[in-house]
file entry.tsv (TSV, N, CA, C and O atoms)
chain	number	residue	atom	x	y	z
A	22	MET	N	20.00	4.54	-1.75
A	22	MET	CA	19.13	3.70	-0.95
A	22	MET	C	17.91	4.49	-0.48
A	22	MET	O	16.81	3.95	-0.44
A	23	LYS	N	18.14	5.76	-0.14
A	23	LYS	CA	17.05	6.58	0.36
A	23	LYS	C	15.98	6.77	-0.72
A	23	LYS	O	14.78	6.68	-0.43
A	24	LYS	N	16.40	7.01	-1.95
A	24	LYS	CA	15.45	7.22	-3.04
A	24	LYS	C	14.65	5.94	-3.33
A	24	LYS	O	13.46	6.00	-3.65
A	25	ILE	N	15.29	4.80	-3.21
A	25	ILE	CA	14.60	3.52	-3.44
A	25	ILE	C	13.53	3.31	-2.38
A	25	ILE	O	12.39	2.93	-2.69
A	26	LEU	N	13.88	3.56	-1.12
A	26	LEU	CA	12.91	3.42	-0.04
A	26	LEU	C	11.76	4.40	-0.20
A	26	LEU	O	10.60	4.06	0.06
A	27	GLU	N	12.08	5.62	-0.62
A	27	GLU	CA	11.02	6.60	-0.83
A	27	GLU	C	10.07	6.17	-1.95
A	27	GLU	O	8.86	6.32	-1.83
A	28	ALA	N	10.61	5.62	-3.02
A	28	ALA	CA	9.78	5.17	-4.13
A	28	ALA	C	8.89	4.00	-3.70
A	28	ALA	O	7.69	3.98	-4.00
A	29	ILE	N	9.47	3.03	-2.99
A	29	ILE	CA	8.69	1.88	-2.53
A	29	ILE	C	7.61	2.33	-1.56
A	29	ILE	O	6.46	1.89	-1.64
A	30	GLY	N	7.96	3.20	-0.64
A	30	GLY	CA	6.99	3.70	0.33
A	30	GLY	C	5.85	4.46	-0.33
A	30	GLY	O	4.68	4.30	0.04
A	31	MET	N	6.17	5.28	-1.31
A	31	MET	CA	5.14	6.05	-2.00
A	31	MET	C	4.21	5.14	-2.79
A	31	MET	O	2.99	5.32	-2.78
A	32	VAL	N	4.77	4.13	-3.45
A	32	VAL	CA	3.93	3.19	-4.20
A	32	VAL	C	2.99	2.43	-3.26
A	32	VAL	O	1.80	2.29	-3.53
A	33	LEU	N	3.51	1.98	-2.13
A	33	LEU	CA	2.67	1.26	-1.17
A	33	LEU	C	1.60	2.16	-0.57
A	33	LEU	O	0.44	1.75	-0.39
A	34	LEU	N	1.96	3.39	-0.25
A	34	LEU	CA	0.99	4.32	0.33
A	34	LEU	C	-0.13	4.63	-0.66
A	34	LEU	O	-1.31	4.59	-0.30
A	35	ILE	N	0.23	4.90	-1.90
A	35	ILE	CA	-0.79	5.18	-2.92
A	35	ILE	C	-1.63	3.94	-3.20
A	35	ILE	O	-2.85	4.03	-3.35
A	36	ALA	N	-0.98	2.79	-3.26
A	36	ALA	CA	-1.72	1.55	-3.52
A	36	ALA	C	-2.72	1.26	-2.39
A	36	ALA	O	-3.86	0.84	-2.66
A	37	GLY	N	-2.32	1.47	-1.15
A	37	GLY	CA	-3.23	1.26	-0.03
A	37	GLY	C	-4.42	2.20	-0.07
A	37	GLY	O	-5.57	1.79	0.13
A	38	ALA	N	-4.15	3.48	-0.35
A	38	ALA	CA	-5.24	4.45	-0.42
A	38	ALA	C	-6.18	4.14	-1.58
A	38	ALA	O	-7.41	4.19	-1.42
A	39	CYS	N	-5.62	3.81	-2.74
A	39	CYS	CA	-6.46	3.47	-3.89
A	39	CYS	C	-7.24	2.18	-3.63
A	39	CYS	O	-8.38	2.04	-4.08
A	40	GLY	N	-6.63	1.24	-2.93
A	40	GLY	CA	-7.32	0.00	-2.60
A	40	GLY	C	-8.52	0.22	-1.70
A	40	GLY	O	-9.59	-0.37	-1.89
A	41	VAL	N	-8.36	1.10	-0.71
A	41	VAL	CA	-9.49	1.41	0.17
A	41	VAL	C	-10.59	2.11	-0.62
A	41	VAL	O	-11.77	1.76	-0.49
A	42	LEU	N	-10.21	3.08	-1.45
A	42	LEU	CA	-11.22	3.76	-2.27
A	42	LEU	C	-11.91	2.80	-3.23
A	42	LEU	O	-13.12	2.90	-3.45
A	43	ARG	N	-11.15	1.86	-3.78
A	43	ARG	CA	-11.74	0.90	-4.70
A	43	ARG	C	-12.74	0.01	-3.98
A	43	ARG	O	-13.82	-0.28	-4.51
A	44	GLU	N	-12.39	-0.44	-2.79
A	44	GLU	CA	-13.31	-1.32	-2.06
A	44	GLU	C	-14.57	-0.58	-1.61
A	44	GLU	O	-15.64	-1.16	-1.57
A	45	LEU	N	-14.44	0.69	-1.28
A	45	LEU	CA	-15.60	1.45	-0.79
A	45	LEU	C	-16.47	2.00	-1.92
A	45	LEU	O	-17.69	2.09	-1.77
A	46	THR	N	-15.83	2.40	-3.04
A	46	THR	CA	-16.59	3.09	-4.07
A	46	THR	C	-16.57	2.41	-5.43
A	46	THR	O	-17.40	2.72	-6.27
A	47	GLY	N	-15.59	1.54	-5.69
A	47	GLY	CA	-15.48	0.90	-6.99
A	47	GLY	C	-14.55	1.62	-7.94
A	47	GLY	O	-14.39	1.22	-9.09
A	48	TRP	N	-13.93	2.71	-7.51
A	48	TRP	CA	-13.00	3.46	-8.36
A	48	TRP	C	-11.64	2.80	-8.36
A	48	TRP	O	-11.38	1.87	-7.62
A	49	PHE	N	-10.73	3.31	-9.17
A	49	PHE	CA	-9.32	2.92	-9.23
A	49	PHE	C	-9.14	1.43	-9.53
A	49	PHE	O	-8.39	0.73	-8.88
A	50	ARG	N	-9.76	0.97	-10.56
A	50	ARG	CA	-9.61	-0.43	-10.95
A	50	ARG	C	-8.23	-0.72	-11.51
A	50	ARG	O	-7.83	-1.87	-11.60
A	51	PHE	N	-7.46	0.32	-11.86
A	51	PHE	CA	-6.11	0.10	-12.40
A	51	PHE	C	-5.11	-0.32	-11.34
A	51	PHE	O	-4.03	-0.78	-11.67
A	52	MET	N	-5.44	-0.20	-10.09
A	52	MET	CA	-4.55	-0.63	-9.01
A	52	MET	C	-4.87	-2.08	-8.65
A	52	MET	O	-5.27	-2.39	-7.55
A	53	GLY	N	-4.67	-2.97	-9.59
A	53	GLY	CA	-5.10	-4.35	-9.44
A	53	GLY	C	-4.22	-5.21	-8.57
A	53	GLY	O	-4.65	-6.26	-8.12
A	54	PHE	N	-2.99	-4.81	-8.31
A	54	PHE	CA	-2.13	-5.71	-7.54
A	54	PHE	C	-2.54	-5.80	-6.09
A	54	PHE	O	-2.34	-6.83	-5.46
A	55	THR	N	-3.17	-4.78	-5.52
A	55	THR	CA	-3.68	-4.92	-4.16
A	55	THR	C	-4.89	-5.83	-4.14
A	55	THR	O	-5.10	-6.57	-3.19
A	56	ARG	N	-5.68	-5.78	-5.21
A	56	ARG	CA	-6.82	-6.69	-5.32
A	56	ARG	C	-6.34	-8.14	-5.41
A	56	ARG	O	-6.93	-9.04	-4.82
A	57	PHE	N	-5.25	-8.35	-6.16
A	57	PHE	CA	-4.66	-9.68	-6.27
A	57	PHE	C	-4.24	-10.20	-4.90
A	57	PHE	O	-4.48	-11.35	-4.55
A	58	VAL	N	-3.63	-9.34	-4.09
A	58	VAL	CA	-3.18	-9.75	-2.75
A	58	VAL	C	-4.36	-10.07	-1.85
A	58	VAL	O	-4.38	-11.10	-1.17
A	59	THR	N	-5.37	-9.21	-1.85
A	59	THR	CA	-6.47	-9.41	-0.91
A	59	THR	C	-7.39	-10.56	-1.31
A	59	THR	O	-8.02	-11.15	-0.45
A	60	VAL	N	-7.47	-10.89	-2.60
A	60	VAL	CA	-8.34	-11.98	-3.03
A	60	VAL	C	-7.66	-13.33	-2.91
A	60	VAL	O	-8.26	-14.32	-2.51
A	61	HIS	N	-6.37	-13.41	-3.24
A	61	HIS	CA	-5.70	-14.70	-3.31
A	61	HIS	C	-5.02	-15.14	-2.02
A	61	HIS	O	-4.47	-16.23	-1.96
A	62	VAL	N	-5.04	-14.32	-0.99
A	62	VAL	CA	-4.52	-14.73	0.31
A	62	VAL	C	-5.71	-15.12	1.16
A	62	VAL	O	-6.59	-14.29	1.43
A	63	GLY	N	-5.75	-16.37	1.57
A	63	GLY	CA	-6.93	-16.94	2.20
A	63	GLY	C	-7.44	-16.22	3.43
A	63	GLY	O	-8.63	-15.94	3.55
A	64	PHE	N	-6.55	-15.86	4.35
A	64	PHE	CA	-7.02	-15.26	5.60
A	64	PHE	C	-7.44	-13.80	5.43
A	64	PHE	O	-8.02	-13.22	6.34
A	65	LEU	N	-7.21	-13.20	4.26
A	65	LEU	CA	-7.64	-11.83	4.01
A	65	LEU	C	-9.00	-11.76	3.33
A	65	LEU	O	-9.54	-10.68	3.13
A	66	HIS	N	-9.57	-12.92	2.99
A	66	HIS	CA	-10.87	-12.95	2.33
A	66	HIS	C	-11.93	-12.35	3.26
A	66	HIS	O	-12.11	-12.80	4.39
A	67	GLY	N	-12.59	-11.31	2.80
A	67	GLY	CA	-13.58	-10.62	3.62
A	67	GLY	C	-13.00	-9.48	4.41
A	67	GLY	O	-13.73	-8.75	5.07
A	68	ARG	N	-11.70	-9.29	4.36
A	68	ARG	CA	-11.03	-8.22	5.10
A	68	ARG	C	-10.21	-7.34	4.15
A	68	ARG	O	-9.11	-6.92	4.46
A	69	GLU	N	-10.79	-7.04	3.00
A	69	GLU	CA	-10.06	-6.31	1.96
A	69	GLU	C	-9.72	-4.89	2.39
A	69	GLU	O	-8.63	-4.40	2.12
A	70	ILE	N	-10.65	-4.23	3.06
A	70	ILE	CA	-10.39	-2.85	3.49
A	70	ILE	C	-9.27	-2.83	4.52
A	70	ILE	O	-8.35	-2.00	4.44
A	71	PHE	N	-9.31	-3.74	5.48
A	71	PHE	CA	-8.25	-3.81	6.49
A	71	PHE	C	-6.89	-4.07	5.83
A	71	PHE	O	-5.89	-3.43	6.19
A	72	ALA	N	-6.85	-4.97	4.87
A	72	ALA	CA	-5.59	-5.29	4.20
A	72	ALA	C	-5.05	-4.07	3.45
A	72	ALA	O	-3.84	-3.80	3.48
A	73	ASN	N	-5.90	-3.32	2.81
A	73	ASN	CA	-5.46	-2.14	2.09
A	73	ASN	C	-5.00	-1.04	3.04
A	73	ASN	O	-4.05	-0.31	2.74
A	74	VAL	N	-5.65	-0.92	4.18
A	74	VAL	CA	-5.19	0.04	5.19
A	74	VAL	C	-3.80	-0.36	5.69
A	74	VAL	O	-2.91	0.49	5.84
A	75	VAL	N	-3.59	-1.64	5.91
A	75	VAL	CA	-2.28	-2.12	6.36
A	75	VAL	C	-1.22	-1.85	5.29
A	75	VAL	O	-0.10	-1.43	5.62
A	76	ILE	N	-1.54	-2.04	4.02
A	76	ILE	CA	-0.60	-1.74	2.94
A	76	ILE	C	-0.23	-0.26	2.97
A	76	ILE	O	0.94	0.11	2.83
A	77	GLY	N	-1.21	0.61	3.16
A	77	GLY	CA	-0.94	2.04	3.25
A	77	GLY	C	-0.09	2.41	4.45
A	77	GLY	O	0.82	3.24	4.35
A	78	VAL	N	-0.35	1.78	5.59
A	78	VAL	CA	0.43	2.07	6.79
A	78	VAL	C	1.87	1.57	6.64
A	78	VAL	O	2.81	2.25	7.05
A	79	VAL	N	2.05	0.43	6.01
A	79	VAL	CA	3.41	-0.07	5.75
A	79	VAL	C	4.14	0.90	4.81
A	79	VAL	O	5.31	1.19	5.02
A	80	GLY	N	3.44	1.42	3.81
A	80	GLY	CA	4.04	2.41	2.93
A	80	GLY	C	4.46	3.65	3.68
A	80	GLY	O	5.55	4.20	3.46
A	81	PHE	N	3.61	4.12	4.59
A	81	PHE	CA	3.96	5.28	5.40
A	81	PHE	C	5.16	4.99	6.29
A	81	PHE	O	6.04	5.84	6.45
A	82	ALA	N	5.22	3.80	6.85
A	82	ALA	CA	6.36	3.42	7.70
A	82	ALA	C	7.65	3.37	6.89
A	82	ALA	O	8.71	3.82	7.37
A	83	VAL	N	7.59	2.86	5.67
A	83	VAL	CA	8.78	2.83	4.81
A	83	VAL	C	9.23	4.25	4.49
A	83	VAL	O	10.43	4.55	4.46
A	84	LEU	N	8.28	5.16	4.27
A	84	LEU	CA	8.64	6.56	4.04
A	84	LEU	C	9.32	7.17	5.26
A	84	LEU	O	10.27	7.95	5.13
A	85	MET	N	8.84	6.83	6.44
A	85	MET	CA	9.46	7.35	7.65
A	85	MET	C	10.87	6.77	7.85
A	85	MET	O	11.78	7.47	8.29
A	86	ILE	N	11.05	5.51	7.51
A	86	ILE	CA	12.38	4.90	7.57
A	86	ILE	C	13.31	5.58	6.58
A	86	ILE	O	14.47	5.86	6.90
A	87	ALA	N	12.81	5.86	5.38
A	87	ALA	CA	13.63	6.54	4.37
A	87	ALA	C	14.03	7.93	4.84
A	87	ALA	O	15.13	8.40	4.55
A	88	ASP	N	13.13	8.59	5.57
A	88	ASP	CA	13.44	9.92	6.07
A	88	ASP	C	14.56	9.87	7.12
A	88	ASP	O	15.36	10.80	7.22
A	89	GLN	N	14.62	8.79	7.89
A	89	GLN	CA	15.64	8.65	8.92
A	89	GLN	C	16.97	8.15	8.37
A	89	GLN	O	17.99	8.23	9.04
A	90	TYR	N	16.96	7.62	7.15
A	90	TYR	CA	18.15	7.05	6.55
A	90	TYR	C	19.15	8.16	6.22
A	90	TYR	O	18.81	9.17	5.63
A	91	ARG	N	20.40	7.98	6.64
A	91	ARG	CA	21.44	8.98	6.37
A	91	ARG	C	22.49	8.41	5.45
A	91	ARG	O	22.85	7.23	5.55
A	92	LYS	N	22.97	9.23	4.59
A	92	LYS	CA	24.03	8.78	3.70
A	92	LYS	C	25.34	8.70	4.46
A	92	LYS	O	25.68	9.55	5.27
A	93	ALA	N	26.08	7.62	4.21
A	93	ALA	CA	27.35	7.41	4.92
A	93	ALA	C	28.48	8.17	4.25
A	93	ALA	O	28.43	8.64	3.19

call {"tool": "encode", "arguments": {"input": "entry.tsv", "output": "structure tokens"}}
result
Amino acid sequence: MKKILEAIGMVLLIAGACGVLRELTGWFRFMGFTRFVTVHVGFLHGREIFANVVIGVVGFAVLMIADQYRKA
């Protein structure tokens, strides 16, 4: 379970960072799933940078949860 949480957290953290860089500079076009989320969700229209920052913070939080997870 810990490895799964770490993988999910790392993917979200990298996706959030790449999404912010993409919105600011135009790089990282291969990270299209964050673009899909920010464009197709109505209340996020115009708030793409904020949405990508939130994705990155959620990824960091999942990594912290994985760090606290103990094997039974």

call {"tool": "closest_residue", "arguments": {"input": "entry.tsv", "among": "A:Leu33, A:Glu27, A:Phe51, A:Ile86", "to": "Val74 in chain A", "atoms": "all atoms listed in the file"}}
result
A:Leu33

call {"tool": "residues_around", "arguments": {"input": "entry.tsv", "residues": "Gly30 in chain A", "least_positions_apart": "5", "cutoff": "5 Å", "atoms": "all atoms listed in the file", "output": "VMD selection string"}}
result
chain A and resid 25 35 80 to 81 83 to 84

call {"tool": "select_by_dssp", "arguments": {"input": "entry.tsv", "residues": "chain A", "states": "alpha helix (DSSP H)", "output": "number ranges by chain"}}
result
A: 23-46, 53-61, 69-89

call {"tool": "residues_around", "arguments": {"input": "entry.tsv", "residues": "range 55-57 of chain A", "least_positions_apart": "6", "cutoff": "9 Å", "atoms": "only C-alpha atoms", "output": "PyMOL selection string"}}
result
chain A and resi 36-37+39-40+69+72-73+76

call {"tool": "atom_distance", "arguments": {"input": "entry.tsv", "atom1": "CA of Gln89 in chain A", "atom2": "atom C of Phe71 in chain A"}}
result
26.1 Å

call {"tool": "axis_aligned_box", "arguments": {"input": "entry.tsv", "around": "range 55-63 of chain A", "padding_each_side": "6 Å", "output": "AutoDock Vina command-line options"}}
result
--center_x -5.9 --center_y -10.9 --center_z -1.4 --size_x 17.5 --size_y 24.2 --size_z 21.8

call {"tool": "atom_distance", "arguments": {"input": "entry.tsv", "atom1": "CA of Tyr90 in chain A", "atom2": "CA of Lys24 in chain A"}}
result
10.0 Å

call {"tool": "closest_residue", "arguments": {"input": "entry.tsv", "among": "A:Arg50, A:Glu44, A:Gly77, A:Thr59", "to": "Val32 in chain A", "atoms": "all atoms listed in the file"}}
result
A:Gly77

call {"tool": "atom_distance", "arguments": {"input": "entry.tsv", "atom1": "atom O of Val41 in chain A", "atom2": "atom O of Ala87 in chain A"}}
result
28.2 Å

call {"tool": "decode", "arguments": {"input": "entry.tsv", "residues": "range 32-56 of chain A", "atoms": "N, CA and C atoms", "output": "PDB file, in the first residue's frame"}}
result
ATOM      1  N   VAL A  32       3.373  10.909  -9.063  1.00  0.00           N
ATOM      2  CA  VAL A  32       2.764  11.267 -10.352  1.00  0.00           C
ATOM      3  C   VAL A  32       1.999  12.585 -10.236  1.00  0.00           C
ATOM      4  N   LEU A  33       1.242  12.752  -9.167  1.00  0.00           N
ATOM      5  CA  LEU A  33       0.487  13.996  -8.988  1.00  0.00           C
ATOM      6  C   LEU A  33       1.408  15.189  -8.777  1.00  0.00           C
ATOM      7  N   LEU A  34       2.462  14.999  -8.006  1.00  0.00           N
ATOM      8  CA  LEU A  34       3.400  16.094  -7.758  1.00  0.00           C
ATOM      9  C   LEU A  34       4.094  16.521  -9.051  1.00  0.00           C
ATOM     10  N   ILE A  35       4.560  15.562  -9.825  1.00  0.00           N
ATOM     11  CA  ILE A  35       5.217  15.883 -11.093  1.00  0.00           C
ATOM     12  C   ILE A  35       4.223  16.494 -12.080  1.00  0.00           C
ATOM     13  N   ALA A  36       3.013  15.960 -12.115  1.00  0.00           N
ATOM     14  CA  ALA A  36       2.001  16.501 -13.026  1.00  0.00           C
ATOM     15  C   ALA A  36       1.658  17.944 -12.667  1.00  0.00           C
ATOM     16  N   GLY A  37       1.534  18.249 -11.390  1.00  0.00           N
ATOM     17  CA  GLY A  37       1.245  19.617 -10.973  1.00  0.00           C
ATOM     18  C   GLY A  37       2.361  20.575 -11.339  1.00  0.00           C
ATOM     19  N   ALA A  38       3.606  20.151 -11.092  1.00  0.00           N
ATOM     20  CA  ALA A  38       4.743  21.008 -11.429  1.00  0.00           C
ATOM     21  C   ALA A  38       4.847  21.215 -12.936  1.00  0.00           C
ATOM     22  N   CYS A  39       4.682  20.144 -13.709  1.00  0.00           N
ATOM     23  CA  CYS A  39       4.734  20.271 -15.170  1.00  0.00           C
ATOM     24  C   CYS A  39       3.570  21.113 -15.686  1.00  0.00           C
ATOM     25  N   GLY A  40       2.412  21.000 -15.051  1.00  0.00           N
ATOM     26  CA  GLY A  40       1.266  21.807 -15.456  1.00  0.00           C
ATOM     27  C   GLY A  40       1.497  23.288 -15.242  1.00  0.00           C
ATOM     28  N   VAL A  41       2.102  23.635 -14.113  1.00  0.00           N
ATOM     29  CA  VAL A  41       2.414  25.043 -13.863  1.00  0.00           C
ATOM     30  C   VAL A  41       3.436  25.546 -14.874  1.00  0.00           C
ATOM     31  N   LEU A  42       4.484  24.756 -15.113  1.00  0.00           N
ATOM     32  CA  LEU A  42       5.482  25.161 -16.106  1.00  0.00           C
ATOM     33  C   LEU A  42       4.876  25.286 -17.498  1.00  0.00           C
ATOM     34  N   ARG A  43       3.955  24.379 -17.828  1.00  0.00           N
ATOM     35  CA  ARG A  43       3.324  24.434 -19.142  1.00  0.00           C
ATOM     36  C   ARG A  43       2.487  25.696 -19.283  1.00  0.00           C
ATOM     37  N   GLU A  44       1.747  26.039 -18.245  1.00  0.00           N
ATOM     38  CA  GLU A  44       0.901  27.238 -18.335  1.00  0.00           C
ATOM     39  C   GLU A  44       1.732  28.517 -18.383  1.00  0.00           C
ATOM     40  N   LEU A  45       2.868  28.535 -17.707  1.00  0.00           N
ATOM     41  CA  LEU A  45       3.685  29.747 -17.675  1.00  0.00           C
ATOM     42  C   LEU A  45       4.605  29.883 -18.890  1.00  0.00           C
ATOM     43  N   THR A  46       5.118  28.740 -19.393  1.00  0.00           N
ATOM     44  CA  THR A  46       6.128  28.818 -20.438  1.00  0.00           C
ATOM     45  C   THR A  46       5.752  28.118 -21.732  1.00  0.00           C
ATOM     46  N   GLY A  47       4.808  27.183 -21.692  1.00  0.00           N
ATOM     47  CA  GLY A  47       4.444  26.432 -22.883  1.00  0.00           C
ATOM     48  C   GLY A  47       5.183  25.115 -23.019  1.00  0.00           C
ATOM     49  N   TRP A  48       6.035  24.771 -22.058  1.00  0.00           N
ATOM     50  CA  TRP A  48       6.778  23.512 -22.104  1.00  0.00           C
ATOM     51  C   TRP A  48       5.907  22.377 -21.608  1.00  0.00           C
ATOM     52  N   PHE A  49       6.418  21.156 -21.689  1.00  0.00           N
ATOM     53  CA  PHE A  49       5.810  19.937 -21.141  1.00  0.00           C
ATOM     54  C   PHE A  49       4.415  19.677 -21.700  1.00  0.00           C
ATOM     55  N   ARG A  50       4.291  19.689 -22.978  1.00  0.00           N
ATOM     56  CA  ARG A  50       3.001  19.402 -23.605  1.00  0.00           C
ATOM     57  C   ARG A  50       2.599  17.948 -23.457  1.00  0.00           C
ATOM     58  N   PHE A  51       3.545  17.067 -23.093  1.00  0.00           N
ATOM     59  CA  PHE A  51       3.227  15.650 -22.932  1.00  0.00           C
ATOM     60  C   PHE A  51       2.419  15.366 -21.672  1.00  0.00           C
ATOM     61  N   MET A  52       2.328  16.296 -20.769  1.00  0.00           N
ATOM     62  CA  MET A  52       1.538  16.115 -19.549  1.00  0.00           C
ATOM     63  C   MET A  52       0.127  16.626 -19.798  1.00  0.00           C
ATOM     64  N   GLY A  53      -0.570  16.004 -20.717  1.00  0.00           N
ATOM     65  CA  GLY A  53      -1.855  16.493 -21.177  1.00  0.00           C
ATOM     66  C   GLY A  53      -3.021  16.234 -20.252  1.00  0.00           C
ATOM     67  N   PHE A  54      -2.893  15.302 -19.311  1.00  0.00           N
ATOM     68  CA  PHE A  54      -4.067  15.004 -18.497  1.00  0.00           C
ATOM     69  C   PHE A  54      -4.392  16.122 -17.524  1.00  0.00           C
ATOM     70  N   THR A  55      -3.418  16.913 -17.096  1.00  0.00           N
ATOM     71  CA  THR A  55      -3.764  18.063 -16.256  1.00  0.00           C
ATOM     72  C   THR A  55      -4.434  19.138 -17.091  1.00  0.00           C
ATOM     73  N   ARG A  56      -4.030  19.252 -18.345  1.00  0.00           N
ATOM     74  CA  ARG A  56      -4.689  20.196 -19.246  1.00  0.00           C
ATOM     75  C   ARG A  56      -6.143  19.792 -19.475  1.00  0.00           C
TER      76      ARG A  56
END
